[in-house]
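Reviewing the structure listed below.
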Amino acid sequence: MSSVAGAVLVALDGTVLTVAQPTLQRSLHASFAQVQWTSTAYLVAVASLLVFAGRLGDRYGQRRVFAIGMLGFGAASAGIGLAPGIDWVIGLRAAQGVFGALLQPATLGMLRTVFPPDRLATPLAVRTSAIGLAAAAGPLLGGALVGAWGWRAVFFLSVLPALALGLPALRSTDRAAAGATGAARVGTSRPGLDPAGAVLLAVALACLVHTLVSLPASAAATSAGLGVAALSGAAFVCHERRTASPLLPPGVIGTPAVGAALAVLVAASASLFGAVFTETYVLQRDLGLDPFGSALRGVPLAILMVLSAPLCPALLRRWGARWTVGAATAVLALGVLALSRPAGTLTVGCGFALLGAGFGTVMVAATHVVVRRAEVAAAGVAGGLQQTALNVGPVVGVAAATALAGAGADHARTLLVLAAVAAVAVPAARALPGRGVVSITQTPDERVFPGGPARR
């Protein structure tokens, strides 16, 4: 329950902030660039630290790291609600990103610790459905809070839930969770932290995210940012190959299935968020809808995401991850194509519905591949990788949409490119496990029961 609630709190915080930003700008007499930094500071902090935060959970306990992250997230939220100026808001949003990075991988790490691999798909589906509900409720709740009490109420919203979730987790220990998996941890030593690898990866991701979020920028600034990201990434890969205790254990990242699942998550989230970003401008600028009206047009996305996630475990058992992810990614691409047509009510509704059905299924199935193949002792790192993919993907998608619009492409062409991004990821699903296929590198707690194949 804490895992699901923590993921929902983070998702809700992100969606309600979008509604509050215009009021925040007027209240604090901030520039547009400063308001953008309230999002950029959070994104850069959280994306750069997710994998290392997952390793901290593996070493010191998922519940403990979750508790620290949740309490810190709540404290930062309260600080933002009391902030006297925009500079304080930006700084505290960066701090909130640090604590968000701590708690997000732990929400998946706790699930992997408690549930054996053959039962992991169902809690992942519940988690995804809850995130979908938060995404749908966020803009409506944010609009109501801002209208009644101002932008500060949006941040105070997180404080009490953070205390309610963080304090019990802080008092507890990981012993109960460890006992649920029997001997999975027996005889294993705590993983090293690999601070050098963590710094290199953080620099690479921070430069990548900052550069993409800052588009359009000068060619020199873009080239410098991407160059530093590439060099840091290359140095990270070389370091990981030489170090005795790598930040990314080979058992987590060393299989084609995990790499393919992460690639699909990046592509699918890029296509989805880029399309939603583009269509929001179409609905508000071209059709003249207000923010609430455009949010209502997007409700089918959230509804189908909520409905599709619980069906995914049955699809995985029946068809395996390969066909499930491939078909769902194709559905997502069709949804983006539908939105590229003239923006009638039925067309927009069908397009958003296809986006929700495709992405909800992809998120559960691809996450299942990433997390279930990790040993319990590396569950946090696996969760950090999944969360990194889902943080980098939207940044890539929105940056691509912004760059295309800046180059003069109309919304139809932009959406066609974003549909192609999802379509190109469909062949990557061939690297995922098929129906009845058992991982060659089974985790220690993964058991095959007599009389039938292991369940996916």
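Chain lettering (A, B, ...) mirrors the order of the structure tokens, residue numbering begins at 1 for each chain separately, and ligand numbering begins at 1 in order of display.
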
Compile the contact shell of A:Pro195 as JSON, numbers by chain: residues with an atom at most 12 Å away, counting only C-alpha atoms, same-chain residues fewer than 6 positions apart removed. {"A": [49, 51, 52, 53, 55, 56, 201, 202, 236, 239, 240, 243, 245, 246, 247, 248]}

Serialized selection, C-alpha atoms, as a compact mmCIF listing (two decimals), in the first residue's frame:
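Okay, again-v7.txt is ready:
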# COMPACT_ATOMS: atom_id res chain seq x y z
CA LEU A 49 19.78 10.64 -8.99
CA VAL A 51 19.64 5.00 -10.12
CA PHE A 52 21.95 5.94 -7.24
CA ALA A 53 18.93 6.34 -4.98
CA ARG A 55 21.31 1.56 -4.94
CA LEU A 56 20.95 3.32 -1.56
CA LEU A 201 25.82 8.99 -14.48
CA ALA A 202 24.32 11.96 -12.65
CA PHE A 236 30.45 5.98 -17.05
CA HIS A 239 34.13 2.93 -15.43
CA GLU A 240 31.38 0.33 -15.01
CA THR A 243 35.00 -1.41 -11.30
CA SER A 245 31.19 -3.19 -7.69
CA PRO A 246 29.38 -1.41 -10.56
CA LEU A 247 26.41 0.84 -9.98
CA LEU A 248 24.51 -1.17 -12.60

Selected residue of minimal separation from A:Val371 among A:Pro342, A:Gly166, A:Gly383, A:Gly358, counting only C-alpha atoms: A:Gly383

Between atom CA of A:Leu103 and atom CA of A:Arg63, what distance in Å does the model show, to one decimal? 9.0 Å

Near A:Arg242, within 12 Å and counting only C-alpha atoms, which residues show up once chain neighbours fewer than 5 positions away are dropped, as a PDB file with N, CA, C and O atoms, in the first residue's frame?
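Result went into part30.pdb, see below:
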ATOM      1  N   ASP A 194      29.502   2.643  -5.262  1.00  0.00           N
ATOM      2  CA  ASP A 194      30.105   3.120  -6.502  1.00  0.00           C
ATOM      3  C   ASP A 194      29.879   4.623  -6.683  1.00  0.00           C
ATOM      4  O   ASP A 194      29.209   5.059  -7.639  1.00  0.00           O
ATOM      5  N   ALA A 196      31.840   7.002  -7.727  1.00  0.00           N
ATOM      6  CA  ALA A 196      32.367   7.552  -8.978  1.00  0.00           C
ATOM      7  C   ALA A 196      31.390   7.311 -10.124  1.00  0.00           C
ATOM      8  O   ALA A 196      31.111   8.209 -10.930  1.00  0.00           O
ATOM      9  N   GLY A 197      30.859   6.094 -10.191  1.00  0.00           N
ATOM     10  CA  GLY A 197      29.868   5.799 -11.227  1.00  0.00           C
ATOM     11  C   GLY A 197      28.610   6.618 -11.053  1.00  0.00           C
ATOM     12  O   GLY A 197      28.011   7.082 -12.030  1.00  0.00           O
ATOM     13  N   ALA A 235      32.310   7.870 -20.276  1.00  0.00           N
ATOM     14  CA  ALA A 235      33.175   7.629 -19.121  1.00  0.00           C
ATOM     15  C   ALA A 235      32.496   6.701 -18.116  1.00  0.00           C
ATOM     16  O   ALA A 235      33.152   5.848 -17.498  1.00  0.00           O
ATOM     17  N   PHE A 236      31.186   6.859 -17.961  1.00  0.00           N
ATOM     18  CA  PHE A 236      30.447   5.982 -17.050  1.00  0.00           C
ATOM     19  C   PHE A 236      30.509   4.534 -17.521  1.00  0.00           C
ATOM     20  O   PHE A 236      30.732   3.615 -16.713  1.00  0.00           O
ATOM     21  N   VAL A 237      30.308   4.308 -18.821  1.00  0.00           N
ATOM     22  CA  VAL A 237      30.351   2.937 -19.348  1.00  0.00           C
ATOM     23  C   VAL A 237      31.730   2.318 -19.128  1.00  0.00           C
ATOM     24  O   VAL A 237      31.855   1.160 -18.690  1.00  0.00           O
ATOM     25  N   LEU A 247      27.710   0.303 -10.357  1.00  0.00           N
ATOM     26  CA  LEU A 247      26.412   0.843  -9.978  1.00  0.00           C
ATOM     27  C   LEU A 247      25.287   0.065 -10.633  1.00  0.00           C
ATOM     28  O   LEU A 247      24.225  -0.153 -10.029  1.00  0.00           O
TER      29      LEU A 247
END

Closest to A:Ala420 among A:Met363, A:Leu346, A:Ala389, A:Ala267, using only C-alpha atoms? A:Ala267

Counting only C-alpha atoms, the residue of A:Pro433, A:Gly150, A:Pro123, A:Gly142 that sits nearest A:Val258: A:Pro433

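Here atom CA of A:Ala162 is placed at a distance of 9.4 Å from atom CA of A:Ser77.
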
Excluding A:Arg413 and its own-chain neighbours fewer than 4 positions away, which residues fall within 10 Å of it when counting only C-alpha atoms? Please give them as a PyMOL selection string. chain A and resi 337+340+401+404-405+408-409+417-419

Please provide the set of residues having any atom within 10 Å of A:His368, restricted to only C-alpha atoms, with same-chain residues fewer than 2 positions apart removed, written as a ChimeraX atom specification. /A:112,117-118,120-125,258,261,313,316,321,362-366,370-373,386,456

If you measure from atom CA of A:Ser3 to atom CA of A:Gly192, what distance in Å do you get, rounded to one decimal? 24.6 Å
